[in-house]
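query32.cif (mmCIF, C-alpha atoms) appears below.
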```cif
data_data
#
loop_
_atom_site.label_atom_id
_atom_site.label_comp_id
_atom_site.auth_asym_id
_atom_site.auth_seq_id
_atom_site.Cartn_x
_atom_site.Cartn_y
_atom_site.Cartn_z
CA MET L 7 102.09 66.44 130.60
CA ILE L 8 98.53 65.24 130.22
CA ASP L 9 96.21 64.09 132.99
CA PHE L 10 92.73 62.73 132.37
CA LEU L 11 89.35 62.16 133.98
CA LEU L 12 86.89 59.52 132.76
CA LYS L 13 83.13 60.11 132.91
CA GLU L 14 80.64 57.41 131.97
CA THR L 15 77.42 58.73 130.47
CA ALA L 16 73.91 57.40 131.17
CA ASP L 17 73.94 55.47 127.86
CA GLU L 18 77.22 53.74 128.83
CA ASN L 19 79.46 55.77 126.56
CA LEU L 20 82.59 57.49 127.81
CA ILE L 21 83.86 61.05 127.99
CA VAL L 22 87.63 61.56 128.41
CA LEU L 23 88.43 64.97 129.88
CA PHE L 24 92.05 65.79 129.05
CA ASN L 25 93.87 68.28 131.24
CA GLY L 26 97.32 69.70 130.38
CA ASP L 27 99.71 69.59 127.43
CA LEU L 28 99.51 66.55 125.16
CA ASP L 29 103.24 66.11 124.62
CA ILE L 30 106.10 63.63 124.66
CA ASP L 31 105.86 63.30 128.48
CA SER L 32 102.27 62.04 128.04
CA THR L 33 103.38 58.89 126.19
CA GLU L 34 103.30 56.49 129.15
CA VAL L 35 100.04 57.96 130.56
CA VAL L 36 98.28 57.52 127.21
CA GLU L 37 99.67 54.13 126.22
CA GLU L 38 99.77 52.42 129.61
CA GLU L 39 96.89 54.03 131.51
CA LEU L 40 94.40 55.67 129.17
CA LEU L 41 94.16 53.21 126.27
CA PRO L 42 93.54 50.04 128.37
CA ALA L 43 90.89 51.92 130.37
CA ILE L 44 88.79 53.07 127.41
CA GLU L 45 88.99 50.34 124.78
CA ASN L 46 85.84 48.50 125.88
CA TYR L 47 83.33 51.28 125.25
CA LYS L 48 81.27 51.70 122.07
CA LEU L 49 81.62 55.45 121.88
CA VAL L 50 84.40 57.60 123.37
CA ASN L 51 84.42 61.38 123.28
CA ILE L 52 87.74 63.11 123.98
CA ASN L 53 87.28 66.62 125.33
CA PHE L 54 90.20 68.96 124.50
CA GLU L 55 88.87 72.04 126.32
CA ASN L 56 91.73 72.03 128.85
CA VAL L 57 94.55 71.17 126.43
CA PRO L 58 96.50 74.37 125.68
CA PHE L 59 99.36 72.77 123.68
CA VAL L 60 99.97 69.68 121.56
CA ASP L 61 103.46 68.90 120.27
CA SER L 62 104.31 66.50 117.44
CA SER L 63 104.56 63.54 119.85
CA GLY L 64 101.14 64.49 121.23
CA MET L 65 99.79 64.56 117.70
CA GLY L 66 101.23 61.07 117.19
CA LEU L 67 99.61 59.93 120.44
CA LEU L 68 96.24 61.27 119.31
CA LEU L 69 96.54 59.37 116.02
CA THR L 70 97.45 56.23 117.99
CA ILE L 71 94.46 56.62 120.35
CA VAL L 72 91.91 57.15 117.58
CA GLN L 73 93.31 54.57 115.15
CA SER L 74 93.79 51.82 117.75
CA LEU L 75 90.29 52.38 119.20
CA LYS L 76 88.75 52.38 115.71
CA ALA L 77 90.53 49.08 114.98
CA LYS L 78 88.76 47.66 118.04
CA GLY L 79 85.36 48.89 116.81
CA VAL L 80 85.20 51.89 119.18
CA LYS L 81 83.81 55.11 117.65
CA VAL L 82 85.85 58.13 118.73
CA THR L 83 84.91 61.79 118.64
CA ILE L 84 86.99 64.84 119.57
CA SER L 85 85.43 68.04 120.86
CA GLN L 86 86.13 71.55 122.22
CA VAL L 87 89.57 71.96 120.68
CA ASN L 88 90.99 75.43 121.41
CA GLU L 89 91.98 77.79 118.61
CA ASP L 90 95.79 77.33 118.84
CA VAL L 91 95.56 73.54 118.88
CA GLN L 92 92.94 73.57 116.10
CA PHE L 93 95.35 75.60 113.96
CA ILE L 94 97.99 72.85 114.29
CA PHE L 95 95.36 70.15 113.62
CA GLU L 96 94.36 71.96 110.44
CA MET L 97 97.97 72.49 109.33
CA LEU L 98 98.65 68.78 109.71
CA GLN L 99 95.25 67.97 108.16
CA ILE L 100 94.40 65.77 111.14
CA PRO L 101 90.62 65.89 110.33
CA GLU L 102 91.38 64.38 106.90
CA ILE L 103 93.54 61.65 108.41
CA LEU L 104 91.11 60.72 111.19
CA GLY L 105 87.91 61.42 109.25
CA GLU L 106 86.02 64.72 109.31
CA ASP L 107 83.23 63.15 111.42
CA THR L 108 85.71 62.58 114.28
CA PHE L 109 85.61 66.29 115.14
CA ILE L 110 82.31 67.48 116.63
CA MET A 25 127.41 38.62 119.90
CA TYR A 26 128.19 34.84 119.97
CA LYS A 27 128.17 33.39 123.47
CA ASP A 28 128.78 29.85 124.75
CA SER A 29 129.40 28.25 128.14
CA ALA A 30 132.96 29.54 128.12
CA THR A 31 131.81 33.12 127.69
CA PHE A 32 131.67 35.28 130.76
CA ILE A 33 130.65 38.84 131.19
CA HIS A 34 133.25 41.12 132.60
CA GLN A 35 132.14 42.27 136.02
CA ASN A 36 132.45 45.95 135.14
CA SER A 37 129.59 45.82 132.65
CA HIS A 38 127.17 45.46 135.59
CA ASP A 39 128.56 48.56 137.18
CA PRO A 40 126.07 51.42 136.60
CA THR A 41 128.91 53.90 136.09
CA VAL A 42 130.35 51.74 133.28
CA LEU A 43 126.92 51.41 131.63
CA ASP A 44 126.42 55.14 132.02
CA LYS A 45 129.78 55.82 130.40
CA THR A 46 129.01 53.44 127.51
CA LEU A 47 125.62 55.05 126.95
CA LYS A 48 127.10 58.54 127.01
CA ARG A 49 129.80 57.52 124.54
CA GLU A 50 127.23 56.00 122.16
CA ILE A 51 124.98 59.06 122.32
CA LYS A 52 127.99 61.28 121.63
CA LEU A 53 128.94 59.15 118.60
CA ALA A 54 125.33 59.19 117.36
CA ARG A 55 125.28 62.97 117.79
CA ASN A 56 128.48 63.29 115.76
CA ILE A 57 127.01 61.16 112.98
CA GLN A 58 123.89 63.28 112.89
CA LEU A 59 125.74 66.60 112.99
CA GLN A 60 128.03 65.53 110.17
CA LEU A 61 125.12 64.37 108.03
CA LEU A 62 123.15 67.56 108.70
CA ASN A 63 126.04 69.94 108.25
CA GLY A 64 127.25 68.45 105.00
CA LYS A 65 128.10 70.29 101.85
CA THR A 66 126.13 73.36 100.84
CA PRO A 67 125.51 74.06 97.15
CA VAL A 68 127.28 77.05 95.62
CA PHE A 69 125.59 78.52 92.56
CA GLU A 70 125.43 81.69 90.51
CA GLY A 71 122.83 84.32 91.35
CA GLY A 72 122.16 83.45 94.97
CA GLU A 73 123.17 81.61 98.13
CA VAL A 74 121.75 79.04 100.55
CA SER A 75 122.55 78.06 104.11
CA GLY A 76 121.04 75.84 106.79
CA SER A 77 121.47 75.05 110.45
CA SER A 78 119.84 72.87 113.08
CA ILE A 79 120.11 72.88 116.87
CA PRO A 80 118.66 69.88 118.70
CA ALA A 81 116.71 70.51 121.92
CA ARG A 82 118.38 67.45 123.40
CA LEU A 83 121.78 65.98 122.56
CA ILE A 84 120.38 64.62 119.34
CA GLY A 85 117.31 65.67 117.37
CA GLY A 86 114.64 64.86 114.79
CA ASP A 87 114.77 67.92 112.54
CA TYR A 88 116.16 67.54 109.06
CA PHE A 89 117.29 69.73 106.19
CA ASP A 90 119.12 68.91 103.03
CA PHE A 91 120.16 70.27 99.63
CA TYR A 92 120.33 68.30 96.43
CA PRO A 93 121.77 69.83 93.23
CA LEU A 94 119.83 68.62 90.19
CA VAL A 95 121.43 68.02 86.81
CA ASN A 96 119.21 70.66 85.18
CA GLY A 97 120.87 73.37 87.33
CA LYS A 98 118.09 73.59 89.92
CA ILE A 99 118.64 73.07 93.63
CA ARG A 100 116.24 70.90 95.58
CA ILE A 101 115.79 71.93 99.22
CA VAL A 102 114.02 69.94 101.92
CA VAL A 103 113.21 70.77 105.53
CA GLY A 104 111.51 68.28 107.82
CA ASP A 105 110.43 67.63 111.38
CA VAL A 106 110.17 64.04 112.60
CA MET A 107 107.55 63.39 115.29
CA GLY A 108 109.07 63.13 118.76
CA LYS A 109 112.47 63.98 120.13
CA GLY A 110 115.83 62.55 121.01
CA ILE A 111 117.23 59.22 119.83
CA PRO A 112 114.01 57.73 118.35
CA ALA A 113 113.42 60.88 116.27
CA ALA A 114 117.07 60.92 115.19
CA MET A 115 116.82 57.33 113.92
CA LEU A 116 113.78 58.25 111.83
CA MET A 117 115.53 61.40 110.61
CA ILE A 118 118.26 59.22 109.09
CA LEU A 119 115.56 57.07 107.44
CA THR A 120 113.97 60.25 106.04
CA ARG A 121 117.31 61.46 104.70
CA GLY A 122 117.85 58.21 102.80
CA ALA A 123 114.34 58.41 101.32
CA PHE A 124 114.89 62.04 100.25
CA ARG A 125 118.27 61.40 98.67
CA SER A 126 117.00 58.51 96.57
CA ALA A 127 113.72 60.26 95.68
CA ALA A 128 115.48 63.51 94.71
CA GLU A 129 117.60 61.60 92.21
CA THR A 130 114.66 60.11 90.34
CA THR A 131 111.74 62.53 90.67
CA LYS A 132 110.94 65.55 88.52
CA SER A 133 109.36 67.93 91.01
CA PRO A 134 109.00 68.58 94.76
CA ALA A 135 105.48 67.08 94.68
CA ASP A 136 106.83 63.90 93.08
CA THR A 137 109.62 63.75 95.67
CA LEU A 138 107.11 63.93 98.56
CA LYS A 139 104.88 61.32 96.88
CA SER A 140 107.82 58.99 96.46
CA MET A 141 109.01 59.56 100.06
CA ASN A 142 105.52 58.83 101.42
CA GLN A 143 105.38 55.62 99.39
CA ALA A 144 108.81 54.58 100.67
CA LEU A 145 108.24 55.49 104.32
CA TYR A 146 104.51 55.03 104.94
CA ASP A 147 104.52 51.41 106.14
CA ASP A 148 107.54 51.88 108.42
CA LEU A 149 106.18 55.10 109.92
CA ARG A 150 102.74 53.55 110.60
CA THR A 151 104.37 50.53 112.24
CA LEU A 152 106.45 52.87 114.38
CA LYS A 153 103.44 55.17 115.08
CA SER A 154 105.33 58.16 113.77
CA PHE A 155 105.21 60.72 110.98
CA VAL A 156 107.33 63.43 109.35
CA THR A 157 106.29 66.88 108.19
CA LEU A 158 108.25 68.03 105.15
CA ILE A 159 108.49 70.93 102.77
CA CYS A 160 110.36 70.41 99.53
CA ALA A 161 111.29 73.15 97.04
CA ASP A 162 113.18 73.54 93.76
CA TRP A 163 115.00 76.81 93.10
CA ASP A 164 115.66 77.50 89.44
CA PRO A 165 118.43 80.15 89.05
CA LYS A 166 117.62 80.48 85.32
CA THR A 167 113.94 81.37 85.62
CA TYR A 168 113.93 82.78 89.18
CA GLU A 169 111.10 80.40 90.00
CA LEU A 170 110.68 78.61 93.29
CA THR A 171 108.44 75.55 93.03
CA TYR A 172 107.42 73.86 96.25
CA ALA A 173 105.15 71.17 97.70
CA ASN A 174 104.14 70.61 101.30
CA ALA A 175 103.52 67.60 103.53
CA GLY A 176 102.01 69.21 106.64
CA HIS A 177 104.97 71.48 107.35
CA THR A 178 105.01 75.13 108.47
CA LEU A 179 104.99 77.33 105.36
CA PRO A 180 108.26 79.18 104.67
CA LEU A 181 108.42 82.96 105.01
CA TYR A 182 108.95 85.17 101.99
CA ILE A 183 110.98 88.31 102.76
CA LYS A 184 110.75 90.73 99.87
CA GLY A 185 114.09 92.39 99.18
CA LYS A 186 112.75 95.68 97.87
CA GLU A 187 109.83 96.11 100.29
CA LYS A 188 109.51 95.91 104.07
CA VAL A 189 107.25 92.91 103.77
CA VAL A 190 107.39 89.39 105.21
CA GLU A 191 104.64 86.97 104.32
CA GLU A 192 104.04 83.24 104.21
CA LEU A 193 104.44 81.58 100.83
CA PRO A 194 101.04 80.85 99.23
CA ARG A 195 99.40 77.91 100.96
CA VAL A 196 99.62 74.48 99.39
CA LYS A 197 98.01 71.54 101.13
CA GLY A 198 99.43 68.07 101.61
CA ILE A 199 99.29 65.40 104.29
CA MET A 200 102.36 64.69 106.41
CA VAL A 201 104.52 61.76 105.29
CA GLY A 202 103.29 58.67 107.14
CA GLY A 203 99.79 60.16 107.58
CA LEU A 204 97.86 58.42 104.80
CA PRO A 205 98.92 55.97 102.07
CA ASN A 206 99.12 56.78 98.33
CA GLN A 207 99.12 60.56 98.73
CA VAL A 208 99.41 62.89 95.77
CA TYR A 209 101.05 66.26 96.46
CA HIS A 210 100.72 69.50 94.49
CA ASN A 211 103.33 71.98 93.29
CA GLN A 212 103.00 75.72 93.79
CA THR A 213 105.30 78.20 92.04
CA VAL A 214 106.34 81.76 92.95
CA HIS A 215 108.58 84.10 90.99
CA LEU A 216 111.33 85.69 93.09
CA ASP A 217 113.20 88.94 92.55
CA LYS A 218 116.75 89.99 93.31
CA GLN A 219 117.48 90.23 97.07
CA ASP A 220 114.35 88.26 97.99
CA ILE A 221 114.80 85.73 100.80
CA ILE A 222 112.92 82.51 101.51
CA PHE A 223 113.13 81.36 105.13
CA PHE A 224 112.29 77.68 105.69
CA TYR A 225 111.99 76.66 109.35
CA THR A 226 110.63 74.23 111.89
CA ASP A 227 108.11 75.20 114.59
CA GLY A 228 110.80 74.89 117.29
CA ILE A 229 111.72 78.50 116.40
CA ILE A 230 108.36 80.16 117.00
CA GLU A 231 107.63 77.85 119.96
CA ALA A 232 111.00 78.53 121.65
CA GLN A 233 110.22 79.45 125.27
CA ASN A 234 111.82 81.75 127.82
CA ASN A 235 111.86 81.20 131.60
CA SER A 236 108.38 82.78 131.91
CA SER A 237 106.97 80.19 129.44
CA GLU A 238 106.39 82.88 126.79
CA GLN A 239 106.96 81.78 123.22
CA TYR A 240 109.20 83.51 120.65
CA LYS A 241 106.25 83.61 118.24
CA LEU A 242 106.06 84.57 114.60
CA HIS A 243 106.05 88.35 115.13
CA ARG A 244 109.51 88.30 116.78
CA LEU A 245 110.87 86.13 113.97
CA ILE A 246 109.46 88.51 111.35
CA ALA A 247 110.98 91.54 113.14
CA ALA A 248 114.39 89.84 113.34
CA LEU A 249 114.21 88.90 109.63
CA LEU A 250 113.34 92.46 108.59
CA GLU A 251 116.20 93.80 110.69
CA ASN A 252 118.67 91.44 109.00
CA LYS A 253 117.42 91.14 105.45
CA GLN A 254 120.32 93.10 103.92
CA ASN A 255 122.86 90.63 105.35
CA SER A 256 124.33 87.46 103.85
CA VAL A 257 122.52 84.17 104.57
CA SER A 258 125.12 83.08 107.12
CA GLU A 259 124.88 86.40 108.97
CA ILE A 260 121.07 86.29 108.96
CA GLU A 261 121.22 82.75 110.31
CA LYS A 262 123.66 83.75 113.06
CA ASN A 263 121.61 86.82 114.04
CA ILE A 264 118.28 84.95 114.09
CA LEU A 265 119.83 82.33 116.40
CA ALA A 266 121.21 85.13 118.60
CA SER A 267 117.76 86.76 118.72
CA ILE A 268 116.18 83.42 119.81
CA GLU A 269 118.93 82.90 122.41
CA ASP A 270 118.44 86.43 123.79
CA PHE A 271 114.73 85.78 124.10
CA THR A 272 114.96 82.32 125.69
CA GLU A 273 117.57 83.43 128.29
CA GLY A 274 119.15 79.96 128.28
CA ALA A 275 115.89 78.16 129.17
CA PRO A 276 115.93 74.49 128.09
CA GLN A 277 113.97 74.08 124.85
CA ARG A 278 111.21 71.55 124.14
CA ASP A 279 111.84 71.26 120.42
CA ASP A 280 114.68 71.31 117.89
CA ILE A 281 115.36 74.55 116.03
CA THR A 282 116.08 74.42 112.29
CA MET A 283 116.26 77.02 109.54
CA VAL A 284 117.26 77.09 105.88
CA LEU A 285 117.73 80.33 103.95
CA LEU A 286 117.69 80.98 100.23
CA LYS A 287 118.69 84.49 99.19
CA ILE A 288 118.59 85.71 95.63
CA GLY A 289 121.68 87.68 94.67
CA GLU A 290 121.98 91.27 93.53
CA GLN A 291 123.72 90.20 90.32
CA GLU A 292 121.81 88.27 87.71
CA ALA A 293 123.34 84.91 86.79
CA GLU A 294 124.64 84.84 83.25
CA ILE A 295 122.55 82.24 81.47
CA SER A 296 125.27 81.47 78.94
CA SER A 297 127.75 80.63 81.69
CA LEU A 298 125.29 79.12 84.15
CA ASN A 299 126.82 76.02 85.62
CA SER A 300 125.13 73.35 87.65
CA PRO A 301 125.30 73.97 91.40
CA VAL A 302 128.47 72.70 93.05
CA MET A 303 128.53 71.21 96.55
CA LYS A 304 131.22 72.81 98.71
#
```

Would you give me this structure, written as structure tokens?
Amino acid sequence: MIDFLLKETADENLIVLFNGDLDIDSTEVVEEELLPAIENYKLVNINFENVPFVDSSGMGLLLTIVQSLKAKGVKVTISQVNEDVQFIFEMLQIPEILGEDTFI
Amino acid sequence: MYKDSATFIHQNSHDPTVLDKTLKREIKLARNIQLQLLNGKTPVFEGGEVSGSSIPARLIGGDYFDFYPLVNGKIRIVVGDVMGKGIPAAMLMILTRGAFRSAAETTKSPADTLKSMNQALYDDLRTLKSFVTLICADWDPKTYELTYANAGHTLPLYIKGKEKVVEELPRVKGIMVGGLPNQVYHNQTVHLDKQDIIFFYTDGIIEAQNNSSEQYKLHRLIAALLENKQNSVSEIEKNILASIEDFTEGAPQRDDITMVLLKIGEQEAEISSLNSPVMK
């Protein structure tokens, strides 16, 4: 299950530090806690350094986060994805769905 | 249900044990529906054999496989994995099955089938914040050609009958169904030989975990396939499941496990007497 830390940067953007597996048990954390807390920033970076595993529900949650923030005018970037998770992202062509510039 | 002032609710329906019993009964019925739809008829054809099985991680699951005999003698195979688990995934699996069955009837190739399924399902899947990965393939017993298209699914394994080699089928890209609208998919074709096996599967197999949180991984699957490649499809299926069960030591699984096997026979099918596949 995912846990997260929020860090505001000097220029009032936000860094989300994910910690743990992004999986089906993360649904409530993401939808009820994370999304309301981050939707009022202009730029949100989601750091995946401490995410060892993403299942298909987690992939769906990631799509929901990025697409619902984009719909509210928030620019989202994703960084430091580990090799195993990146392999699944590539297989599902997540960069093409979310836009290549989402991954930095 | 129609209710008016004369309607009253029987006291027992507030009793948690009654609600629990009702819920359990409904899940059991839903599970039966799903198992019967998944374990339907398997096509029987000259020059080869197919088989499929699916084990949900929970009582009910979101994996899907199906066979569809085409009038030109080919067999269309599909394997899919609906995002999520349990009852929500199972509901979307039924939706996916309906889309496949109607697309298979009217489309000429696996790529066209996936395109048609994405068109049919995209709006619903976006509304429901879900998606389905699918691989669709046509086996032609006359030409020994397997043509396939992919929508974000794990590539099937190709076990060569006459060599000790297991490799992934050549990569073909395609976005998962429900990922982006108006997608065009591409067909890839391989020529198979006698005794070759194609192993379609969902990632629940290689991600199956034991009590030490180690995963079954691809290398164990490949070893088990090589060990069993001389067997019939139903024996291979049974032995692969046994190998996964041995490894996981009864640990509860996070994802559904599904596999479909196509094995090309030793005997060549006689073209003059080649009949369309029959569902048995």

Rounded to one decimal in Å, what is the spacing between CA of Leu68 in chain L and CA of Ala144 in chain A?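 Separation between CA of Leu68 in chain L and CA of Ala144 in chain A: 23.5 Å.
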
So which residues touch Val91 in chain L within 8 Å, counting all atoms listed in the file, skipping near sequence neighbours fewer than 4 positions away, as a short mmCIF file (atom, residue, chain, number, x, y, z; two decimals) with C-alpha atoms, keeping the file's coordinate frame?
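For reference, selection_22.cif as written:
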```cif
data_model
loop_
_atom_site.label_atom_id
_atom_site.label_comp_id
_atom_site.auth_asym_id
_atom_site.auth_seq_id
_atom_site.Cartn_x
_atom_site.Cartn_y
_atom_site.Cartn_z
CA VAL L 57 94.55 71.17 126.43
CA PRO L 58 96.50 74.37 125.68
CA PHE L 59 99.36 72.77 123.68
CA VAL L 60 99.97 69.68 121.56
CA VAL L 87 89.57 71.96 120.68
CA PHE L 95 95.36 70.15 113.62
#
```

Report the residues retrieved by the PyMOL selection byres ((chain A) within 7 of (chain L)) from the displayed file, expressed as a PyMOL selection string. chain A and resi 107-108+153-154+176+199-200+203-204

Name the closest residue to Ile222 in chain A among the candidates A:Thr171, A:Asn263, A:Asn234, A:Thr131; distances are taken between atoms, counting all atoms listed in the file.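 Ranking A:Thr171, A:Asn263, A:Asn234, A:Thr131 by distance to Ile222 in chain A, first place goes to A:Thr171.
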
As a ChimeraX atom specification, please: the residues near Ala173 in chain A (cut-off 10 Å, all atoms listed in the file, same-chain neighbours under 3 positions excluded). /A:102,133-139,158-162,176-177,179,195-198,209-213
